[in-house]
Structures are given as structure tokens and as C-alpha cells.
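For reference, upload36.pdb (PDB, C-alpha atoms, pLDDT in the B column):
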MODEL        1
ATOM      1  CA  ASP I   1     -10.190  -8.898  57.551  1.00 37.00           C
ATOM      2  CA  ALA I   2     -13.780  -9.975  58.012  1.00 33.00           C
ATOM      3  CA  ARG I   3     -16.564  -7.832  56.617  1.00 33.00           C
ATOM      4  CA  PRO I   4     -20.062  -7.453  58.091  1.00 36.00           C
ATOM      5  CA  GLY I   5     -22.131 -10.436  57.075  1.00 40.00           C
ATOM      6  CA  GLY I   6     -19.306 -12.923  57.302  1.00 41.00           C
ATOM      7  CA  GLY I   7     -17.636 -12.121  53.963  1.00 42.00           C
ATOM      8  CA  ARG I   8     -13.986 -11.325  53.461  1.00 41.00           C
ATOM      9  CA  ARG I   9     -12.282  -8.415  51.789  1.00 41.00           C
ATOM     10  CA  PRO I  10     -11.412  -9.245  48.206  1.00 41.00           C
ATOM     11  CA  GLY I  11      -7.741  -9.365  47.354  1.00 44.00           C
ATOM     12  CA  ARG I  12      -6.166  -6.776  45.107  1.00 46.00           C
ATOM     13  CA  LEU I  13      -6.940  -7.137  41.420  1.00 45.00           C
ATOM     14  CA  SER I  14      -3.242  -7.632  40.697  1.00 46.00           C
ATOM     15  CA  ASP I  15      -3.235 -10.666  43.025  1.00 50.00           C
ATOM     16  CA  ARG I  16      -5.863 -12.481  41.016  1.00 54.00           C
ATOM     17  CA  PRO I  17      -5.213 -14.389  37.801  1.00 56.00           C
ATOM     18  CA  ALA I  18      -6.854 -12.937  34.719  1.00 55.00           C
ATOM     19  CA  PRO I  19      -9.904 -14.942  33.641  1.00 52.00           C
ATOM     20  CA  ALA I  20      -9.557 -17.208  30.640  1.00 53.00           C
ATOM     21  CA  ARG I  21     -12.603 -15.441  29.205  1.00 50.00           C
ATOM     22  CA  PRO I  22     -13.310 -11.897  30.420  1.00 45.00           C
ATOM     23  CA  ARG I  23     -16.837 -11.321  31.672  1.00 49.00           C
ATOM     24  CA  ARG I  24     -17.357  -8.347  29.379  1.00 49.00           C
ATOM     25  CA  ARG I  25     -16.557  -7.944  25.752  1.00 46.00           C
ATOM     26  CA  ALA I  26     -13.827  -5.428  24.995  1.00 42.00           C
ATOM     27  CA  ARG I  27     -14.990  -2.592  22.783  1.00 48.00           C
ATOM     28  CA  ARG I  28     -11.851  -2.803  20.674  1.00 51.00           C
ATOM     29  CA  PRO I  29     -11.647  -5.832  18.360  1.00 50.00           C
ATOM     30  CA  GLY I  30      -8.289  -7.561  18.570  1.00 50.00           C
ATOM     31  CA  ALA I  31      -7.472  -6.415  22.109  1.00 52.00           C
ATOM     32  CA  ARG I  32      -7.358 -10.003  23.333  1.00 57.00           C
ATOM     33  CA  GLY I  33      -5.851 -11.610  20.268  1.00 62.00           C
ATOM     34  CA  PRO I  34      -4.427 -11.053  16.792  1.00 78.00           C
ATOM     35  CA  LEU I  35      -4.306  -7.643  15.161  1.00 89.00           C
ATOM     36  CA  ALA I  36      -5.775  -9.024  11.937  1.00 87.00           C
ATOM     37  CA  PRO I  37      -9.374  -7.959  12.788  1.00 90.00           C
ATOM     38  CA  LEU I  38      -8.183  -4.334  12.882  1.00 92.00           C
ATOM     39  CA  VAL I  39      -6.615  -4.257   9.419  1.00 93.00           C
ATOM     40  CA  GLY I  40      -9.631  -2.596   7.813  1.00 95.00           C
ATOM     41  CA  ARG I  41      -9.879   0.058  10.512  1.00 95.00           C
ATOM     42  CA  PHE I  42      -6.179   0.807  10.247  1.00 97.00           C
ATOM     43  CA  GLU I  43      -6.335   1.248   6.475  1.00 97.00           C
ATOM     44  CA  ARG I  44      -9.406   3.483   6.709  1.00 97.00           C
ATOM     45  CA  GLY I  45      -7.745   5.601   9.366  1.00 97.00           C
ATOM     46  CA  LEU I  46      -4.557   5.880   7.346  1.00 98.00           C
ATOM     47  CA  ALA I  47      -6.495   6.873   4.226  1.00 98.00           C
ATOM     48  CA  SER I  48      -8.369   9.539   6.203  1.00 98.00           C
ATOM     49  CA  ALA I  49      -5.145  10.952   7.627  1.00 98.00           C
ATOM     50  CA  VAL I  50      -3.622  11.174   4.152  1.00 98.00           C
ATOM     51  CA  GLU I  51      -6.754  12.783   2.720  1.00 97.00           C
ATOM     52  CA  LEU I  52      -6.775  15.380   5.503  1.00 97.00           C
ATOM     53  CA  GLY I  53      -3.149  16.253   4.831  1.00 97.00           C
ATOM     54  CA  LEU I  54      -1.969  14.950   8.200  1.00 97.00           C
ATOM     55  CA  LEU I  55       0.584  12.606   6.611  1.00 97.00           C
ATOM     56  CA  PRO I  56       1.979  14.456   3.595  1.00 95.00           C
ATOM     57  CA  ASP I  57       5.123  12.330   3.212  1.00 95.00           C
ATOM     58  CA  PRO I  58       4.502   9.183   1.100  1.00 96.00           C
ATOM     59  CA  GLU I  59       7.587   7.528   2.606  1.00 96.00           C
ATOM     60  CA  THR I  60       6.107   7.886   6.088  1.00 96.00           C
ATOM     61  CA  VAL I  61       2.858   6.323   4.913  1.00 97.00           C
ATOM     62  CA  ARG I  62       4.727   3.408   3.341  1.00 97.00           C
ATOM     63  CA  ALA I  63       6.724   2.931   6.542  1.00 97.00           C
ATOM     64  CA  MET I  64       3.521   2.930   8.594  1.00 98.00           C
ATOM     65  CA  ARG I  65       2.011   0.259   6.366  1.00 97.00           C
ATOM     66  CA  ALA I  66       5.164  -1.842   6.670  1.00 97.00           C
ATOM     67  CA  ILE I  67       5.166  -1.565  10.475  1.00 97.00           C
ATOM     68  CA  TRP I  68       1.494  -2.508  10.623  1.00 97.00           C
ATOM     69  CA  ALA I  69       1.980  -5.471   8.274  1.00 96.00           C
ATOM     70  CA  ASP I  70       4.897  -6.707  10.376  1.00 97.00           C
ATOM     71  CA  ALA I  71       2.869  -6.416  13.581  1.00 97.00           C
ATOM     72  CA  ALA I  72      -0.137  -8.203  12.099  1.00 95.00           C
ATOM     73  CA  ALA I  73       2.127 -10.989  10.814  1.00 95.00           C
ATOM     74  CA  ALA I  74       3.889 -11.522  14.154  1.00 95.00           C
ATOM     75  CA  PRO I  75       3.139 -14.794  15.972  1.00 94.00           C
ATOM     76  CA  VAL I  76       0.075 -14.394  18.157  1.00 91.00           C
ATOM     77  CA  TRP I  77       0.224 -14.503  21.941  1.00 90.00           C
ATOM     78  CA  SER I  78      -0.018 -18.109  23.100  1.00 87.00           C
ATOM     79  CA  GLY I  79       0.476 -17.525  26.819  1.00 86.00           C
ATOM     80  CA  PRO I  80      -2.204 -17.036  29.462  1.00 88.00           C
ATOM     81  CA  ALA I  81      -4.439 -13.986  29.201  1.00 89.00           C
ATOM     82  CA  VAL I  82      -3.220 -11.081  31.333  1.00 89.00           C
ATOM     83  CA  TRP I  83      -5.138  -8.117  32.709  1.00 92.00           C
ATOM     84  CA  LEU I  84      -5.144  -5.158  30.307  1.00 92.00           C
ATOM     85  CA  HIS I  85      -6.191  -1.553  30.656  1.00 92.00           C
ATOM     86  CA  GLY I  86      -6.864  -1.734  26.929  1.00 88.00           C
ATOM     87  CA  ASP I  87      -6.634   1.979  26.103  1.00 89.00           C
ATOM     88  CA  LEU I  88      -3.381   3.418  27.422  1.00 89.00           C
ATOM     89  CA  HIS I  89      -2.646   6.698  25.681  1.00 88.00           C
ATOM     90  CA  PRO I  90      -1.629  10.156  26.955  1.00 87.00           C
ATOM     91  CA  ALA I  91      -5.184  11.322  27.657  1.00 87.00           C
ATOM     92  CA  ASN I  92      -5.748   8.377  30.011  1.00 90.00           C
ATOM     93  CA  VAL I  93      -2.525   8.688  32.009  1.00 90.00           C
ATOM     94  CA  LEU I  94      -2.200  11.412  34.637  1.00 91.00           C
ATOM     95  CA  THR I  95       1.001  13.182  35.604  1.00 87.00           C
ATOM     96  CA  ALA I  96       1.880  15.938  38.050  1.00 89.00           C
ATOM     97  CA  ASP I  97       5.083  17.926  37.570  1.00 87.00           C
ATOM     98  CA  GLY I  98       6.299  15.297  35.130  1.00 80.00           C
ATOM     99  CA  THR I  99       5.666  12.396  37.512  1.00 86.00           C
ATOM    100  CA  PHE I 100       3.176   9.598  36.890  1.00 86.00           C
ATOM    101  CA  CYS I 101       0.271   9.774  39.336  1.00 92.00           C
ATOM    102  CA  GLY I 102      -2.641   7.777  37.932  1.00 93.00           C
ATOM    103  CA  VAL I 103      -4.557   6.048  35.152  1.00 93.00           C
ATOM    104  CA  ILE I 104      -8.181   6.711  34.199  1.00 93.00           C
ATOM    105  CA  ASP I 105     -10.846   5.313  31.850  1.00 92.00           C
ATOM    106  CA  PHE I 106     -11.090   1.586  32.455  1.00 92.00           C
ATOM    107  CA  GLY I 107     -13.933   1.123  29.988  1.00 89.00           C
ATOM    108  CA  ASP I 108     -11.820  -1.236  27.858  1.00 89.00           C
ATOM    109  CA  LEU I 109     -10.541  -3.335  30.767  1.00 89.00           C
ATOM    110  CA  CYS I 110     -10.149  -6.902  29.553  1.00 90.00           C
ATOM    111  CA  ALA I 111      -7.721  -9.806  29.528  1.00 91.00           C
ATOM    112  CA  GLY I 112      -5.545 -10.909  26.655  1.00 90.00           C
ATOM    113  CA  ASP I 113      -2.299 -10.213  24.820  1.00 92.00           C
ATOM    114  CA  PRO I 114       0.143  -8.108  26.906  1.00 91.00           C
ATOM    115  CA  ALA I 115       1.294  -6.400  23.698  1.00 93.00           C
ATOM    116  CA  CYS I 116      -1.887  -4.326  23.824  1.00 92.00           C
ATOM    117  CA  ASP I 117      -0.643  -2.400  26.872  1.00 92.00           C
ATOM    118  CA  LEU I 118       3.065  -2.660  26.018  1.00 92.00           C
ATOM    119  CA  ALA I 119       2.262  -0.230  23.216  1.00 94.00           C
ATOM    120  CA  ALA I 120       2.367   2.478  25.878  1.00 92.00           C
ATOM    121  CA  ALA I 121       6.165   2.403  25.651  1.00 92.00           C
ATOM    122  CA  TRP I 122       5.890   4.227  22.320  1.00 94.00           C
ATOM    123  CA  THR I 123       2.870   6.395  23.079  1.00 92.00           C
ATOM    124  CA  LEU I 124       3.650   7.529  26.638  1.00 90.00           C
ATOM    125  CA  LEU I 125       7.371   7.490  27.347  1.00 88.00           C
ATOM    126  CA  PRO I 126       9.499  10.526  26.477  1.00 86.00           C
ATOM    127  CA  ASP I 127      12.006  10.499  23.667  1.00 86.00           C
ATOM    128  CA  GLY I 128      15.093   8.489  24.539  1.00 86.00           C
ATOM    129  CA  ALA I 129      13.383   6.235  27.093  1.00 89.00           C
ATOM    130  CA  LEU I 130      12.184   3.486  24.743  1.00 88.00           C
ATOM    131  CA  ASP I 131      15.388   1.425  24.616  1.00 87.00           C
ATOM    132  CA  ARG I 132      15.790   1.575  28.392  1.00 90.00           C
ATOM    133  CA  PHE I 133      12.212   0.412  28.883  1.00 89.00           C
ATOM    134  CA  HIS I 134      12.640  -2.515  26.495  1.00 85.00           C
ATOM    135  CA  THR I 135      15.888  -3.569  28.166  1.00 85.00           C
ATOM    136  CA  THR I 136      14.270  -3.495  31.601  1.00 87.00           C
ATOM    137  CA  TYR I 137      11.192  -5.367  30.404  1.00 83.00           C
ATOM    138  CA  ARG I 138      13.268  -8.024  28.657  1.00 80.00           C
ATOM    139  CA  THR I 139      15.389  -8.535  31.776  1.00 80.00           C
ATOM    140  CA  ALA I 140      12.362  -8.753  34.063  1.00 78.00           C
ATOM    141  CA  TYR I 141      10.561 -11.327  31.922  1.00 68.00           C
ATOM    142  CA  ARG I 142      13.521 -13.323  30.622  1.00 61.00           C
ATOM    143  CA  PRO I 143      12.745 -16.324  32.871  1.00 55.00           C
ATOM    144  CA  ALA I 144       9.184 -16.493  31.531  1.00 59.00           C
ATOM    145  CA  GLN I 145       9.655 -15.569  27.870  1.00 64.00           C
ATOM    146  CA  ASP I 146      12.022 -17.003  25.312  1.00 80.00           C
ATOM    147  CA  PRO I 147      13.664 -14.452  22.961  1.00 81.00           C
ATOM    148  CA  ALA I 148      11.337 -15.265  20.060  1.00 86.00           C
ATOM    149  CA  THR I 149       8.217 -14.755  22.185  1.00 86.00           C
ATOM    150  CA  HIS I 150       9.563 -11.459  23.494  1.00 85.00           C
ATOM    151  CA  ALA I 151      10.459 -10.223  20.006  1.00 89.00           C
ATOM    152  CA  ALA I 152       7.005 -11.135  18.684  1.00 92.00           C
ATOM    153  CA  ALA I 153       5.346  -9.292  21.581  1.00 91.00           C
ATOM    154  CA  LEU I 154       7.281  -6.128  20.775  1.00 92.00           C
ATOM    155  CA  ARG I 155       6.327  -6.377  17.097  1.00 95.00           C
ATOM    156  CA  ARG I 156       2.647  -6.593  18.022  1.00 95.00           C
ATOM    157  CA  ALA I 157       3.044  -3.828  20.606  1.00 95.00           C
ATOM    158  CA  ARG I 158       4.529  -1.509  18.013  1.00 96.00           C
ATOM    159  CA  GLY I 159       1.525  -2.187  15.803  1.00 96.00           C
ATOM    160  CA  TRP I 160      -0.826  -1.352  18.659  1.00 95.00           C
ATOM    161  CA  ALA I 161       1.110   1.849  19.295  1.00 96.00           C
ATOM    162  CA  LEU I 162       0.799   2.825  15.641  1.00 97.00           C
ATOM    163  CA  PHE I 163      -2.930   2.088  15.655  1.00 96.00           C
ATOM    164  CA  ARG I 164      -3.497   4.224  18.759  1.00 94.00           C
ATOM    165  CA  ALA I 165      -1.300   7.099  17.621  1.00 96.00           C
ATOM    166  CA  LEU I 166      -3.103   7.234  14.285  1.00 97.00           C
ATOM    167  CA  GLY I 167      -6.481   7.243  16.018  1.00 96.00           C
ATOM    168  CA  CYS I 168      -5.427  10.022  18.391  1.00 96.00           C
ATOM    169  CA  LEU I 169      -4.081  12.052  15.472  1.00 97.00           C
ATOM    170  CA  LEU I 170      -7.473  11.873  13.753  1.00 98.00           C
ATOM    171  CA  ILE I 171      -9.328  12.768  16.959  1.00 97.00           C
ATOM    172  CA  GLY I 172      -7.006  15.740  17.386  1.00 97.00           C
ATOM    173  CA  GLU I 173      -7.722  16.913  13.849  1.00 97.00           C
ATOM    174  CA  ALA I 174     -11.453  16.534  14.421  1.00 97.00           C
ATOM    175  CA  GLY I 175     -11.082  18.786  17.446  1.00 97.00           C
ATOM    176  CA  ARG I 176      -9.176  21.374  15.442  1.00 96.00           C
ATOM    177  CA  ARG I 177     -12.055  21.420  12.966  1.00 96.00           C
ATOM    178  CA  GLY I 178     -14.613  21.762  15.752  1.00 96.00           C
ATOM    179  CA  ARG I 179     -16.259  18.403  15.146  1.00 95.00           C
ATOM    180  CA  PRO I 180     -18.162  16.554  17.893  1.00 94.00           C
ATOM    181  CA  GLY I 181     -15.939  14.233  19.883  1.00 93.00           C
ATOM    182  CA  GLY I 182     -12.774  15.878  18.640  1.00 96.00           C
ATOM    183  CA  LYS I 183      -9.997  16.797  21.059  1.00 96.00           C
ATOM    184  CA  PRO I 184      -7.360  19.150  19.640  1.00 96.00           C
ATOM    185  CA  SER I 185      -4.979  18.491  22.536  1.00 95.00           C
ATOM    186  CA  TRP I 186      -4.592  14.877  21.385  1.00 95.00           C
ATOM    187  CA  ALA I 187      -2.732  15.741  18.186  1.00 96.00           C
ATOM    188  CA  PRO I 188       0.683  16.851  19.561  1.00 95.00           C
ATOM    189  CA  PRO I 189       1.317  13.698  21.651  1.00 94.00           C
ATOM    190  CA  ALA I 190       0.071  11.582  18.742  1.00 96.00           C
ATOM    191  CA  ARG I 191       2.613  13.187  16.425  1.00 96.00           C
ATOM    192  CA  ALA I 192       5.348  12.696  19.017  1.00 94.00           C
ATOM    193  CA  ALA I 193       4.419   9.013  19.282  1.00 95.00           C
ATOM    194  CA  LEU I 194       4.487   8.603  15.505  1.00 96.00           C
ATOM    195  CA  ARG I 195       8.003  10.037  15.430  1.00 94.00           C
ATOM    196  CA  ARG I 196       9.071   7.351  17.899  1.00 94.00           C
ATOM    197  CA  ILE I 197       7.232   4.555  16.084  1.00 96.00           C
ATOM    198  CA  VAL I 198       8.136   5.355  12.486  1.00 95.00           C
ATOM    199  CA  PRO I 199      11.858   5.517  11.710  1.00 82.00           C
ATOM    200  CA  THR I 200      13.079   8.611   9.910  1.00 73.00           C
ATOM    201  CA  PRO I 201      16.085   8.803   7.595  1.00 62.00           C
TER     202      PRO I 201
ENDMDL
END
Hey, can you dump this file as C-alpha cells for me?
Amino acid sequence: DARPGGGRRPGRLSDRPAPARPRRRARRPGARGPLAPLVGRFERGLASAVELGLLPDPETVRAMRAIWADAAAAPVWSGPAVWLHGDLHPANVLTADGTFCGVIDFGDLCAGDPACDLAAAWTLLPDGALDRFHTTYRTAYRPAQDPATHAAALRRARGWALFRALGCLLIGEAGRRGRPGGKPSWAPPARAALRRIVPTP
């Protein structure tokens, strides 16, 4: 369809390849590459959560560190950069009567490792849906990803999920304490995500 002035309507964003180098810098270090740049932030967040009494079980803390270390050690994404929302968590996903209806807050839109957004499987899906999601994803991308690449992506995605859930837990606690920027409603979904991410005996 022609537009006034002789131009043409742009195609849908999903029809365009992600740029090799995004035009804007993502606010979150690591979103386009390895998780290693986030190690310090993760450890500081974990220490804060322990100090605030949000993670009273030492075994849970050890398990979280092990999951993070495994994710950070996973082979990095070597495929082409893909479009990423960059900040998929419950507060940025809209539902109506239990049905998905939209996504908001594209301030971290960038291109990079798909594991960044795959983390949503742990942070957004209800209990019991994770295995079904992974099976469907693996089947859909089997022609394009060898098993080792797929496994590495899920390891990194789990690390991203842990990082986001921990951050949301702290923001929820800040809200409970009445601190600026805090959002008390973020804590319950963060705790639910942590239960899915961190195995329990």
C-alpha cells in the first residue's frame, strides 16, 4: 500500500531480521550476550534478599547460586541476534480472565540471545506448564537448533529467570516497606517463579 509522498507502509516488525547491532543500547547489561556481566548484580541482590529475611533457607540460597553459576557457565549464544522484549515478567504481561491479551513496556527492546526472553517460561507460565512449553519449543526449533545448543539456551534462560525473579522479589519487599519505586504486588509472582526455578526436596 502506497503512503502519501510516495513511501510504502513498513512491514511488520516480526517480518524484519533483527539488526546485527541494535540502534539503542539495552539498559540491562548481558541482555544481548553472556550472563557474566551480571554476576556482581546477582550476588548483591541475593545478599540483600538474605539480609532482609526474604530467603531464610540456606539450602535455597545455595541452590540459587548453583543455578546461576550453571547458567553463567553455559555456552554463549552463537546464532544470529533475535528481537527481544528484554523485560518479560508478570507486571509487563497483560491478561484478562486468565487469557493473555498484551505486552507492555518495551523500554528494553533489543536484539540478542533468545534465552533472555525464554526466561518467561519460568516467570510467567502457571505451575505444571513448564515441561509442556519446553517440549513444544524444542519440537518447533529442532530443525534449527542441535540438542546441545537448545540445552545451553535453556540453562541461560533459567539463569535469566532467576535474575528477574530475585529482582522482582526485592522490588516487592521495597513496596511493602513503603520505599520509592517499590511495588508490593510484585512479590507473590516472584515467589511463585522462584518455586518453579529452584528445585525443592
Practice prompt. For the structure provided, state which residues fall under the PyMOL selection byres ((chain I and resi 155) around 9), and present them as a list in words.
Written response: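 Evaluating the PyMOL selection byres ((chain I and resi 155) around 9) on these coordinates yields Ile67, Trp68, Asp70, Ala71, Ala72, Ala73, Ala74, Ala115, His150, Ala151, Ala152, Ala153, Leu154, Arg156, Ala157, Arg158, Gly159 and Trp160 of chain I.
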Practice prompt. Write out as a PyMOL selection string each polymer residue whose atoms come within 12 Å of range 47-50 of chain I, counting all atoms listed in the file; drop sequence neighbours fewer than 5 positions from it.
Written response: chain I and resi 40-42+55-62+64-65+165-174+187+191
Practice prompt. Name all residues at most 6 Å from Ala111 in chain I (count all atoms listed in the file; drop same-chain ones fewer than 4 positions away) and give them as a list in words.
Written response: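 Counting all atoms listed in the file, the residues come to Ala81, Val82, Trp83 and Leu84 of chain I.
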Worksheet item: Could you name the residues that touch Asp105 in chain I at 10 Å or less, counting all atoms listed in the file, but leaving out those on the same chain fewer than 4 positions away, as an MDAnalysis selection string?
Response: chainID I and resid 85:88 91:93 109
Suppose we keep C-alpha atoms; can you now write the selection as a CSV table (one decimal), keeping the file's coordinate frame?
chain,number,residue,atom,x,y,z
I,85,HIS,CA,-6.2,-1.6,30.7
I,86,GLY,CA,-6.9,-1.7,26.9
I,87,ASP,CA,-6.6,2.0,26.1
I,88,LEU,CA,-3.4,3.4,27.4
I,91,ALA,CA,-5.2,11.3,27.7
I,92,ASN,CA,-5.7,8.4,30.0
I,93,VAL,CA,-2.5,8.7,32.0
I,109,LEU,CA,-10.5,-3.3,30.8
Practice prompt. Tell me, in Å to one decimal, how far CA of Ala190 in chain I is from CA of Arg164 in chain I.
Written response: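 So the two atoms, CA of Ala190 in chain I and CA of Arg164 in chain I, lie 8.2 Å apart.
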For the file shown, what are the residues hit by the PyMOL selection byres ((chain I and resi 122-131) around 7), laid out as a short mmCIF file (atom, residue, chain, number, x, y, z; two decimals) with C-alpha atoms, in the frame of the given file?
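Result file result_19.cif:
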data_model
loop_
_atom_site.label_atom_id
_atom_site.label_comp_id
_atom_site.auth_asym_id
_atom_site.auth_seq_id
_atom_site.Cartn_x
_atom_site.Cartn_y
_atom_site.Cartn_z
CA HIS I 89 -2.65 6.70 25.68
CA PRO I 90 -1.63 10.16 26.96
CA ALA I 119 2.26 -0.23 23.22
CA ALA I 120 2.37 2.48 25.88
CA ALA I 121 6.16 2.40 25.65
CA ARG I 132 15.79 1.58 28.39
CA PHE I 133 12.21 0.41 28.88
CA HIS I 134 12.64 -2.52 26.50
CA THR I 135 15.89 -3.57 28.17
CA ALA I 161 1.11 1.85 19.30
CA ALA I 165 -1.30 7.10 17.62
CA ALA I 193 4.42 9.01 19.28
CA ARG I 196 9.07 7.35 17.90
CA ILE I 197 7.23 4.56 16.08
#
How big is the axis-aligned box around the listed atoms of range 102-115 of chain I once 6 Å is added on each side, and where is its centre? Give both in Å to one decimal, as lines of an AutoDock Vina configuration file.
center_x = -6.3
center_y = -1.6
center_z = 30.8
size_x = 27.2
size_y = 30.7
size_z = 26.2
Item to complete: Have a look at CA of Phe106 in chain I and CA of Lys183 in chain I and let me know their distance in Å, one decimal.
Response: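 Here the two named atoms are 19.0 Å from each other.
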Discussion item. As an exercise, work out the distance from CA of Asp113 in chain I to CA of Gly45 in chain I in Å and give it to one decimal place.
Written reply: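 These two atoms are separated by 22.8 Å.
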Worksheet item: With all atoms listed in the file as the atoms that count, which of I:Leu162, I:Phe100, I:Leu94, I:Arg177 lies nearest to Ala63 in chain I?
Response: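 Checking each of I:Leu162, I:Phe100, I:Leu94, I:Arg177 against Ala63 in chain I, counting all atoms listed in the file, the winner is I:Leu162.
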